[in-house]
Structure formats: structure tokens, C-alpha cells
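Enquirer: structure_11.pdb is reproduced in full below (PDB, C-alpha atoms).
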ATOM      1  CA  MET B  15      -5.432   1.041  25.292  1.00  0.00           C
ATOM      2  CA  LYS B  16      -4.616   1.983  21.717  1.00  0.00           C
ATOM      3  CA  LYS B  17      -4.411  -0.700  19.085  1.00  0.00           C
ATOM      4  CA  GLN B  18      -0.770  -1.427  18.178  1.00  0.00           C
ATOM      5  CA  ILE B  19      -0.360  -2.525  14.578  1.00  0.00           C
ATOM      6  CA  PHE B  20       2.733  -0.738  13.339  1.00  0.00           C
ATOM      7  CA  GLY B  21       5.623  -2.860  12.176  1.00  0.00           C
ATOM      8  CA  THR B  22       3.470  -5.953  11.854  1.00  0.00           C
ATOM      9  CA  HIS B  23       2.870  -5.933   8.107  1.00  0.00           C
ATOM     10  CA  ASP B  24       5.862  -5.215   5.879  1.00  0.00           C
ATOM     11  CA  ILE B  25       4.756  -6.812   2.611  1.00  0.00           C
ATOM     12  CA  LEU B  26       7.970  -6.205   0.668  1.00  0.00           C
ATOM     13  CA  VAL B  27       9.968  -9.409   0.253  1.00  0.00           C
ATOM     14  CA  ASP B  28      13.321  -8.016  -0.895  1.00  0.00           C
ATOM     15  CA  ASP B  29      14.526  -4.419  -0.370  1.00  0.00           C
ATOM     16  CA  TYR B  30      17.502  -4.857  -2.667  1.00  0.00           C
ATOM     17  CA  ASN B  31      15.453  -5.535  -5.807  1.00  0.00           C
ATOM     18  CA  ALA B  32      12.658  -3.070  -5.107  1.00  0.00           C
ATOM     19  CA  THR B  33      11.895   0.510  -6.076  1.00  0.00           C
ATOM     20  CA  LEU B  34      10.176   2.642  -3.469  1.00  0.00           C
ATOM     21  CA  ILE B  35       9.079   6.255  -3.440  1.00  0.00           C
ATOM     22  CA  ALA B  36       8.408   8.443  -0.444  1.00  0.00           C
ATOM     23  CA  ASN B  37       5.038  10.140  -0.718  1.00  0.00           C
ATOM     24  CA  MET B  38       2.307  11.490   1.490  1.00  0.00           C
ATOM     25  CA  VAL B  39      -0.661   9.115   1.925  1.00  0.00           C
ATOM     26  CA  ASP B  40      -4.132   9.775   3.276  1.00  0.00           C
ATOM     27  CA  ASP B  41      -7.607   8.283   3.326  1.00  0.00           C
ATOM     28  CA  PRO B  42     -10.231  11.022   3.655  1.00  0.00           C
ATOM     29  CA  SER B  43     -13.003   8.419   3.411  1.00  0.00           C
ATOM     30  CA  ALA B  44     -11.727   6.293   6.336  1.00  0.00           C
ATOM     31  CA  THR B  45     -13.804   6.077   9.471  1.00  0.00           C
ATOM     32  CA  ALA B  46     -12.190   6.001  12.885  1.00  0.00           C
ATOM     33  CA  ASP B  47     -12.101   2.811  14.929  1.00  0.00           C
ATOM     34  CA  ALA B  48     -13.220   2.596  18.578  1.00  0.00           C
ATOM     35  CA  ASP B  49      -9.963   4.273  19.671  1.00  0.00           C
ATOM     36  CA  GLY B  50     -10.405   7.157  17.210  1.00  0.00           C
ATOM     37  CA  GLN B  51      -7.657   5.875  14.913  1.00  0.00           C
ATOM     38  CA  LYS B  52      -7.713   5.529  11.116  1.00  0.00           C
ATOM     39  CA  TYR B  53      -5.381   2.994   9.544  1.00  0.00           C
ATOM     40  CA  LEU B  54      -4.213   2.469   5.995  1.00  0.00           C
ATOM     41  CA  MET B  55      -3.091  -1.131   5.797  1.00  0.00           C
ATOM     42  CA  SER B  56      -0.093  -2.483   3.907  1.00  0.00           C
ATOM     43  CA  GLY B  57      -0.938  -3.736   0.439  1.00  0.00           C
ATOM     44  CA  VAL B  58      -3.511  -1.056  -0.292  1.00  0.00           C
ATOM     45  CA  LEU B  59      -3.344   0.198  -3.873  1.00  0.00           C
ATOM     46  CA  LEU B  60      -2.722   3.941  -4.082  1.00  0.00           C
ATOM     47  CA  THR B  61      -3.561   6.571  -6.669  1.00  0.00           C
ATOM     48  CA  ALA B  62      -3.562  10.354  -7.179  1.00  0.00           C
ATOM     49  CA  THR B  63      -4.800  12.814  -9.785  1.00  0.00           C
ATOM     50  CA  LYS B  64      -1.176  13.484 -10.813  1.00  0.00           C
ATOM     51  CA  ASN B  65       1.428  10.894 -11.726  1.00  0.00           C
ATOM     52  CA  ALA B  66       3.278  10.211  -8.465  1.00  0.00           C
ATOM     53  CA  LEU B  67       6.497   9.303 -10.275  1.00  0.00           C
ATOM     54  CA  THR B  68       6.849  12.181 -12.715  1.00  0.00           C
ATOM     55  CA  SER B  69       4.706  15.163 -11.782  1.00  0.00           C
ATOM     56  CA  ASN B  70       3.574  14.818  -8.201  1.00  0.00           C
ATOM     57  CA  ASN B  71       6.888  15.306  -6.310  1.00  0.00           C
ATOM     58  CA  GLY B  72       5.125  14.137  -3.163  1.00  0.00           C
ATOM     59  CA  ALA B  73       2.990  17.256  -2.832  1.00  0.00           C
ATOM     60  CA  GLU B  74      -0.307  15.472  -3.447  1.00  0.00           C
ATOM     61  CA  ALA B  75      -1.224  12.680  -1.065  1.00  0.00           C
ATOM     62  CA  LEU B  76      -1.812   9.289  -2.598  1.00  0.00           C
ATOM     63  CA  VAL B  77      -5.175   7.800  -1.618  1.00  0.00           C
ATOM     64  CA  PRO B  78      -6.532   4.239  -1.674  1.00  0.00           C
ATOM     65  CA  THR B  79      -8.159   2.799  -4.776  1.00  0.00           C
ATOM     66  CA  THR B  80      -9.691  -0.568  -5.581  1.00  0.00           C
ATOM     67  CA  ASP B  81      -9.232   0.026  -9.308  1.00  0.00           C
ATOM     68  CA  ALA B  82      -5.953  -1.641 -10.264  1.00  0.00           C
ATOM     69  CA  THR B  83      -5.866   0.239 -13.587  1.00  0.00           C
ATOM     70  CA  LYS B  84      -5.451   3.513 -11.636  1.00  0.00           C
ATOM     71  CA  ALA B  85      -2.832   2.233  -9.171  1.00  0.00           C
ATOM     72  CA  GLN B  86       0.392   4.220  -8.948  1.00  0.00           C
ATOM     73  CA  GLY B  87       1.883   2.250  -6.101  1.00  0.00           C
ATOM     74  CA  ILE B  88       1.260  -0.121  -3.200  1.00  0.00           C
ATOM     75  CA  LEU B  89       1.542   0.815   0.466  1.00  0.00           C
ATOM     76  CA  ARG B  90       4.497  -1.005   2.020  1.00  0.00           C
ATOM     77  CA  GLN B  91       3.501  -0.897   5.700  1.00  0.00           C
ATOM     78  CA  ASP B  92       0.570   0.054   7.919  1.00  0.00           C
ATOM     79  CA  TYR B  93       0.097   3.769   8.646  1.00  0.00           C
ATOM     80  CA  ASN B  94      -2.164   5.702  10.999  1.00  0.00           C
ATOM     81  CA  VAL B  95      -3.812   8.598   9.123  1.00  0.00           C
ATOM     82  CA  ALA B  96      -6.057   9.809  11.944  1.00  0.00           C
ATOM     83  CA  GLY B  97      -4.269  13.170  11.901  1.00  0.00           C
ATOM     84  CA  GLY B  98      -4.360  13.500   8.103  1.00  0.00           C
ATOM     85  CA  ALA B  99      -1.737  12.795   5.470  1.00  0.00           C
ATOM     86  CA  VAL B 100       1.516  11.152   6.601  1.00  0.00           C
ATOM     87  CA  PRO B 101       4.790  10.355   4.799  1.00  0.00           C
ATOM     88  CA  ALA B 102       4.930   6.737   3.683  1.00  0.00           C
ATOM     89  CA  SER B 103       6.928   4.208   1.719  1.00  0.00           C
ATOM     90  CA  VAL B 104       5.206   3.280  -1.551  1.00  0.00           C
ATOM     91  CA  ILE B 105       6.214   0.271  -3.661  1.00  0.00           C
ATOM     92  CA  VAL B 106       6.403   0.809  -7.432  1.00  0.00           C
ATOM     93  CA  ALA B 107       8.559  -2.242  -8.218  1.00  0.00           C
ATOM     94  CA  GLY B 108       9.433  -5.386  -6.297  1.00  0.00           C
ATOM     95  CA  THR B 109       7.938  -8.557  -4.876  1.00  0.00           C
ATOM     96  CA  ILE B 110       5.061  -8.291  -2.397  1.00  0.00           C
ATOM     97  CA  ASN B 111       3.765 -11.114  -0.220  1.00  0.00           C
ATOM     98  CA  LEU B 112       0.007 -11.511   0.222  1.00  0.00           C
ATOM     99  CA  ALA B 113       0.569 -13.664   3.323  1.00  0.00           C
ATOM    100  CA  ARG B 114       1.892 -10.595   5.155  1.00  0.00           C
ATOM    101  CA  MET B 115      -1.279  -8.546   4.539  1.00  0.00           C
ATOM    102  CA  ASP B 116      -4.329  -8.345   6.753  1.00  0.00           C
ATOM    103  CA  GLU B 117      -7.235 -10.535   5.594  1.00  0.00           C
ATOM    104  CA  THR B 118      -9.361  -7.695   4.209  1.00  0.00           C
ATOM    105  CA  THR B 119      -6.590  -6.302   2.008  1.00  0.00           C
ATOM    106  CA  ARG B 120      -5.467  -9.782   0.926  1.00  0.00           C
ATOM    107  CA  ALA B 121      -9.013 -10.591  -0.238  1.00  0.00           C
ATOM    108  CA  MET B 122      -8.852  -7.632  -2.656  1.00  0.00           C
ATOM    109  CA  TYR B 123      -6.028  -9.347  -4.608  1.00  0.00           C
ATOM    110  CA  THR B 124      -8.079 -11.506  -6.950  1.00  0.00           C
ATOM    111  CA  ASP B 125      -6.574 -12.999 -10.100  1.00  0.00           C
ATOM    112  CA  GLY B 126      -8.315 -10.266 -12.090  1.00  0.00           C
ATOM    113  CA  LEU B 127      -6.851  -7.482  -9.956  1.00  0.00           C
ATOM    114  CA  ILE B 128      -3.338  -8.941 -10.163  1.00  0.00           C
ATOM    115  CA  THR B 129      -3.622  -9.194 -13.972  1.00  0.00           C
ATOM    116  CA  ALA B 130      -4.845  -5.582 -14.235  1.00  0.00           C
ATOM    117  CA  LEU B 131      -2.102  -4.425 -11.878  1.00  0.00           C
ATOM    118  CA  LYS B 132       0.566  -5.860 -14.200  1.00  0.00           C
ATOM    119  CA  ALA B 133      -0.441  -3.339 -16.883  1.00  0.00           C
ATOM    120  CA  VAL B 134       0.233  -0.298 -14.671  1.00  0.00           C
ATOM    121  CA  LEU B 135       2.934  -1.639 -12.325  1.00  0.00           C
ATOM    122  CA  PRO B 136       4.675  -4.228 -14.533  1.00  0.00           C
ATOM    123  CA  ARG B 137       7.661  -4.631 -12.195  1.00  0.00           C
ATOM    124  CA  VAL B 138       5.540  -5.699  -9.222  1.00  0.00           C
ATOM    125  CA  THR B 139       5.396  -9.429  -8.543  1.00  0.00           C
ATOM    126  CA  VAL B 140       2.731 -10.830  -6.218  1.00  0.00           C
ATOM    127  CA  ILE B 141       3.364 -14.019  -4.238  1.00  0.00           C
ATOM    128  CA  ASN B 142       1.501 -15.760  -1.415  1.00  0.00           C
ATOM    129  CA  ARG B 143       4.013 -17.498   0.859  1.00  0.00           C
ATOM    130  CA  ASP B 144       4.040 -17.969   4.618  1.00  0.00           C
TER     131      ASP B 144
END
What does the file become when written as C-alpha cells?

Expert:
Amino acid sequence: MKKQIFGTHDILVDDYNATLIANMVDDPSATADADGQKYLMSGVLLTATKNALTSNNGAEALVPTTDATKAQGILRQDYNVAGGAVPASVIVAGTINLARMDETTRAMYTDGLITALKAVLPRVTVINRD
């Protein structure tokens, strides 16, 4: 039986006060799980060689990064990238909730990362509420 995770982690608190972009996402470095699936989890920081907002026009897939200073957006929901790049919703402004992320991704959000993230995505607010 395939693992069902879609729809379980929408980290965006308020659609009305958020700015999202549609962009392709991929993770070429991901390894498949026991079912042969590769997941990008909500909350992952994303980057690309081109600026996703002004010069990328969605043609280049955003990929995960752990370097907050290179972040161009945050993945809104979980996506399966086993078949390669997929269209996704990427947060560039709004409030995200750490409590809605899986434990591994949540652990990445240290105080240092959140401070560094403010420099590149100043309109993103991070909260941790159940």
C-alpha cells in the first residue's frame, strides 16, 4: 500500500494575507522510500539559480535548500516528486505554522534560520501554534 500524505500538511495560516507563486519543484538528490516514492515536505525552503519572482517564470524547478540566505520561497504542501518536477504552490509572503510541519522539517527552523530567512523573505512570519 502506498503511503498517503497529501493534504495533511498545509502550513499556510491565512490565504487572504499571503502571496503565493506557482512554480515547478523537484529534488534530484532525494532517495525513494520503500514504496519508490520521493516526497518534498511542506515547509522546505526552496531556491533556484534564477530569481523565481522576476526572471524564472516557472521554467526552472525550485529545489530544496537548508541555507536560508538563498531561499526564494517555502513549499506550502507536501508533493511527490518521484516522477520528476511537479507544479507546486510556493509561499513568498504570509504566516506559516511550524506545528503543521513534519518533525524533520520543523527541526530545521532554528532561531538562527528564522532570523536569516527574514532578510530574504521579509514578509514571511513564522509561528508555532497547535

Enquirer: When the PyMOL selection byres ((chain B and resi 119-133) around 12) is applied to the file above, which residues end up in the set, as a PyMOL selection string?

Expert: chain B and resi 23+25+54-60+78-89+92+106-108+110-118+134-142

Enquirer: Hey, which of B:Ala62, B:Ile105, B:Ala75, B:Leu26 ends up closest to Val39 of chain B? Count all atoms listed in the file.

Expert: B:Ala75

Enquirer: Which polymer residues have any atom within 9 Å of an atom of Ser103 of chain B, counting all atoms listed in the file, with same-chain residues fewer than 2 positions away left out, as a list in words?

Expert: Leu34, Ile35, Ala36, Asn37, Met38, Ile88, Leu89, Arg90, Gln91, Pro101 and Ile105 of chain B

Enquirer: Between B:Ser43, B:Val104, B:Tyr93, B:Asp24, single out the one closest to Ala66 of chain B, counting all atoms listed in the file.

Expert: B:Val104

Enquirer: One decimal, in Å: what's the spacing between atom CA of Tyr53 of chain B and atom CA of Ala102 of chain B?

Expert: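 Separation between atom CA of Tyr53 of chain B and atom CA of Ala102 of chain B: 12.4 Å.
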
Enquirer: Around (12.1, -9.8, -4.3), as given in the file, which residues come within 6 Å? Count all atoms listed in the file and list them as a ChimeraX atom specification.

Expert: /B:27-28,31,108-109

Enquirer: Quick one: distance from atom CA of Gln51 of chain B to atom CA of Glu74 of chain B in Å, one decimal?

Expert: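 Atom-to-atom, atom CA of Gln51 of chain B to atom CA of Glu74 of chain B, that is 22.0 Å.
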
Enquirer: Report, in Å to a single decimal, how far apart atom CA of Gly98 of chain B and atom CA of Ala48 of chain B are.

Expert: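 Taking atom CA of Ala48 of chain B as the start and atom CA of Gly98 of chain B as the end point, the length is 17.5 Å.
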
Enquirer: Assuming 8 Å of padding per side, give the centre and edge lengths of the axis-aligned box around every listed atom of segment 81-94 of chain B, in Å to one decimal and as AutoDock Vina command-line options.

Expert:
--center_x -2.4 --center_y 2.0 --center_z -1.3 --size_x 29.7 --size_y 23.3 --size_z 40.6

Enquirer: Quick one: residues within 6 Å of Asp40 of chain B, only C-alpha atoms counted, chain neighbours fewer than 2 positions away excluded, as a PyMOL selection string?

Expert: chain B and resi 75+77+95+99

Enquirer: Give me segment 95-126 of chain B from this structure - N, CA, C and O atoms, as a PDB file, in the first residue's frame.

Expert:
ATOM      1  N   VAL B  95       7.623  13.869  -5.764  1.00  0.00           N
ATOM      2  CA  VAL B  95       8.464  14.201  -6.917  1.00  0.00           C
ATOM      3  C   VAL B  95       9.154  12.961  -7.481  1.00  0.00           C
ATOM      4  O   VAL B  95      10.192  13.064  -8.123  1.00  0.00           O
ATOM      5  N   ALA B  96       8.558  11.801  -7.265  1.00  0.00           N
ATOM      6  CA  ALA B  96       9.151  10.557  -7.760  1.00  0.00           C
ATOM      7  C   ALA B  96       9.274  10.559  -9.281  1.00  0.00           C
ATOM      8  O   ALA B  96      10.207   9.977  -9.831  1.00  0.00           O
ATOM      9  N   GLY B  97       8.352  11.219  -9.957  1.00  0.00           N
ATOM     10  CA  GLY B  97       8.380  11.277 -11.418  1.00  0.00           C
ATOM     11  C   GLY B  97       9.105  12.491 -11.961  1.00  0.00           C
ATOM     12  O   GLY B  97       9.053  12.773 -13.152  1.00  0.00           O
ATOM     13  N   GLY B  98       9.782  13.248 -11.108  1.00  0.00           N
ATOM     14  CA  GLY B  98      10.461  14.471 -11.533  1.00  0.00           C
ATOM     15  C   GLY B  98       9.705  15.700 -11.074  1.00  0.00           C
ATOM     16  O   GLY B  98       8.851  15.640 -10.196  1.00  0.00           O
ATOM     17  N   ALA B  99      10.033  16.820 -11.672  1.00  0.00           N
ATOM     18  CA  ALA B  99       9.467  18.111 -11.272  1.00  0.00           C
ATOM     19  C   ALA B  99       7.945  18.115 -11.407  1.00  0.00           C
ATOM     20  O   ALA B  99       7.390  17.562 -12.354  1.00  0.00           O
ATOM     21  N   VAL B 100       7.294  18.770 -10.425  1.00  0.00           N
ATOM     22  CA  VAL B 100       5.834  18.902 -10.417  1.00  0.00           C
ATOM     23  C   VAL B 100       5.463  20.353 -10.120  1.00  0.00           C
ATOM     24  O   VAL B 100       6.220  21.070  -9.461  1.00  0.00           O
ATOM     25  N   PRO B 101       4.300  20.818 -10.596  1.00  0.00           N
ATOM     26  CA  PRO B 101       3.854  22.166 -10.247  1.00  0.00           C
ATOM     27  C   PRO B 101       3.451  22.220  -8.779  1.00  0.00           C
ATOM     28  O   PRO B 101       2.845  21.283  -8.261  1.00  0.00           O
ATOM     29  N   ALA B 102       3.808  23.322  -8.125  1.00  0.00           N
ATOM     30  CA  ALA B 102       3.553  23.438  -6.690  1.00  0.00           C
ATOM     31  C   ALA B 102       3.217  24.870  -6.317  1.00  0.00           C
ATOM     32  O   ALA B 102       3.478  25.809  -7.065  1.00  0.00           O
ATOM     33  N   SER B 103       2.680  25.015  -5.125  1.00  0.00           N
ATOM     34  CA  SER B 103       2.361  26.310  -4.551  1.00  0.00           C
ATOM     35  C   SER B 103       3.491  26.700  -3.599  1.00  0.00           C
ATOM     36  O   SER B 103       3.799  25.974  -2.651  1.00  0.00           O
ATOM     37  N   VAL B 104       4.105  27.856  -3.868  1.00  0.00           N
ATOM     38  CA  VAL B 104       5.273  28.305  -3.116  1.00  0.00           C
ATOM     39  C   VAL B 104       4.941  29.617  -2.407  1.00  0.00           C
ATOM     40  O   VAL B 104       4.498  30.578  -3.035  1.00  0.00           O
ATOM     41  N   ILE B 105       5.169  29.659  -1.108  1.00  0.00           N
ATOM     42  CA  ILE B 105       4.882  30.832  -0.289  1.00  0.00           C
ATOM     43  C   ILE B 105       6.047  31.820  -0.369  1.00  0.00           C
ATOM     44  O   ILE B 105       7.193  31.450  -0.124  1.00  0.00           O
ATOM     45  N   VAL B 106       5.741  33.074  -0.705  1.00  0.00           N
ATOM     46  CA  VAL B 106       6.759  34.129  -0.668  1.00  0.00           C
ATOM     47  C   VAL B 106       6.397  35.216   0.339  1.00  0.00           C
ATOM     48  O   VAL B 106       7.225  36.065   0.664  1.00  0.00           O
ATOM     49  N   ALA B 107       5.164  35.188   0.833  1.00  0.00           N
ATOM     50  CA  ALA B 107       4.726  36.104   1.889  1.00  0.00           C
ATOM     51  C   ALA B 107       3.538  35.469   2.592  1.00  0.00           C
ATOM     52  O   ALA B 107       2.713  34.816   1.964  1.00  0.00           O
ATOM     53  N   GLY B 108       3.474  35.651   3.913  1.00  0.00           N
ATOM     54  CA  GLY B 108       2.363  35.110   4.676  1.00  0.00           C
ATOM     55  C   GLY B 108       2.842  34.520   5.990  1.00  0.00           C
ATOM     56  O   GLY B 108       4.021  34.604   6.335  1.00  0.00           O
ATOM     57  N   THR B 109       1.916  33.939   6.723  1.00  0.00           N
ATOM     58  CA  THR B 109       2.226  33.343   8.018  1.00  0.00           C
ATOM     59  C   THR B 109       2.220  31.825   7.871  1.00  0.00           C
ATOM     60  O   THR B 109       1.235  31.247   7.404  1.00  0.00           O
ATOM     61  N   ILE B 110       3.326  31.190   8.290  1.00  0.00           N
ATOM     62  CA  ILE B 110       3.420  29.735   8.248  1.00  0.00           C
ATOM     63  C   ILE B 110       3.458  29.201   9.673  1.00  0.00           C
ATOM     64  O   ILE B 110       3.946  29.865  10.586  1.00  0.00           O
ATOM     65  N   ASN B 111       2.918  27.991   9.845  1.00  0.00           N
ATOM     66  CA  ASN B 111       2.804  27.396  11.171  1.00  0.00           C
ATOM     67  C   ASN B 111       3.708  26.168  11.272  1.00  0.00           C
ATOM     68  O   ASN B 111       3.470  25.164  10.594  1.00  0.00           O
ATOM     69  N   LEU B 112       4.713  26.249  12.135  1.00  0.00           N
ATOM     70  CA  LEU B 112       5.633  25.134  12.335  1.00  0.00           C
ATOM     71  C   LEU B 112       4.914  23.880  12.839  1.00  0.00           C
ATOM     72  O   LEU B 112       5.311  22.758  12.524  1.00  0.00           O
ATOM     73  N   ALA B 113       3.854  24.040  13.598  1.00  0.00           N
ATOM     74  CA  ALA B 113       3.135  22.901  14.163  1.00  0.00           C
ATOM     75  C   ALA B 113       2.488  22.035  13.094  1.00  0.00           C
ATOM     76  O   ALA B 113       2.157  20.887  13.354  1.00  0.00           O
ATOM     77  N   ARG B 114       2.341  22.558  11.894  1.00  0.00           N
ATOM     78  CA  ARG B 114       1.735  21.793  10.797  1.00  0.00           C
ATOM     79  C   ARG B 114       2.773  21.069   9.938  1.00  0.00           C
ATOM     80  O   ARG B 114       2.416  20.403   8.974  1.00  0.00           O
ATOM     81  N   MET B 115       4.051  21.219  10.267  1.00  0.00           N
ATOM     82  CA  MET B 115       5.122  20.575   9.502  1.00  0.00           C
ATOM     83  C   MET B 115       5.472  19.227  10.115  1.00  0.00           C
ATOM     84  O   MET B 115       5.232  18.991  11.294  1.00  0.00           O
ATOM     85  N   ASP B 116       6.078  18.366   9.284  1.00  0.00           N
ATOM     86  CA  ASP B 116       6.581  17.111   9.845  1.00  0.00           C
ATOM     87  C   ASP B 116       7.775  17.434  10.750  1.00  0.00           C
ATOM     88  O   ASP B 116       8.372  18.510  10.658  1.00  0.00           O
ATOM     89  N   GLU B 117       8.118  16.520  11.638  1.00  0.00           N
ATOM     90  CA  GLU B 117       9.142  16.777  12.658  1.00  0.00           C
ATOM     91  C   GLU B 117      10.504  17.123  12.076  1.00  0.00           C
ATOM     92  O   GLU B 117      11.192  18.003  12.587  1.00  0.00           O
ATOM     93  N   THR B 118      10.902  16.454  11.002  1.00  0.00           N
ATOM     94  CA  THR B 118      12.213  16.696  10.408  1.00  0.00           C
ATOM     95  C   THR B 118      12.317  18.111   9.865  1.00  0.00           C
ATOM     96  O   THR B 118      13.305  18.813  10.095  1.00  0.00           O
ATOM     97  N   THR B 119      11.300  18.542   9.134  1.00  0.00           N
ATOM     98  CA  THR B 119      11.312  19.900   8.568  1.00  0.00           C
ATOM     99  C   THR B 119      11.220  20.935   9.677  1.00  0.00           C
ATOM    100  O   THR B 119      11.928  21.941   9.656  1.00  0.00           O
ATOM    101  N   ARG B 120      10.356  20.694  10.657  1.00  0.00           N
ATOM    102  CA  ARG B 120      10.203  21.634  11.779  1.00  0.00           C
ATOM    103  C   ARG B 120      11.521  21.855  12.498  1.00  0.00           C
ATOM    104  O   ARG B 120      11.855  22.975  12.885  1.00  0.00           O
ATOM    105  N   ALA B 121      12.309  20.788  12.671  1.00  0.00           N
ATOM    106  CA  ALA B 121      13.588  20.887  13.380  1.00  0.00           C
ATOM    107  C   ALA B 121      14.583  21.805  12.662  1.00  0.00           C
ATOM    108  O   ALA B 121      15.471  22.377  13.291  1.00  0.00           O
ATOM    109  N   MET B 122      14.416  21.973  11.358  1.00  0.00           N
ATOM    110  CA  MET B 122      15.302  22.846  10.578  1.00  0.00           C
ATOM    111  C   MET B 122      15.106  24.319  10.966  1.00  0.00           C
ATOM    112  O   MET B 122      16.016  25.128  10.838  1.00  0.00           O
ATOM    113  N   TYR B 123      13.918  24.677  11.451  1.00  0.00           N
ATOM    114  CA  TYR B 123      13.583  26.071  11.748  1.00  0.00           C
ATOM    115  C   TYR B 123      14.109  26.494  13.120  1.00  0.00           C
ATOM    116  O   TYR B 123      13.361  26.671  14.068  1.00  0.00           O
ATOM    117  N   THR B 124      15.410  26.682  13.189  1.00  0.00           N
ATOM    118  CA  THR B 124      16.041  27.187  14.408  1.00  0.00           C
ATOM    119  C   THR B 124      15.850  28.700  14.464  1.00  0.00           C
ATOM    120  O   THR B 124      15.464  29.328  13.469  1.00  0.00           O
ATOM    121  N   ASP B 125      16.164  29.294  15.596  1.00  0.00           N
ATOM    122  CA  ASP B 125      16.080  30.757  15.701  1.00  0.00           C
ATOM    123  C   ASP B 125      16.996  31.425  14.683  1.00  0.00           C
ATOM    124  O   ASP B 125      16.633  32.440  14.086  1.00  0.00           O
ATOM    125  N   GLY B 126      18.171  30.847  14.475  1.00  0.00           N
ATOM    126  CA  GLY B 126      19.117  31.397  13.502  1.00  0.00           C
ATOM    127  C   GLY B 126      18.580  31.350  12.083  1.00  0.00           C
ATOM    128  O   GLY B 126      18.727  32.303  11.313  1.00  0.00           O
TER     129      GLY B 126
END
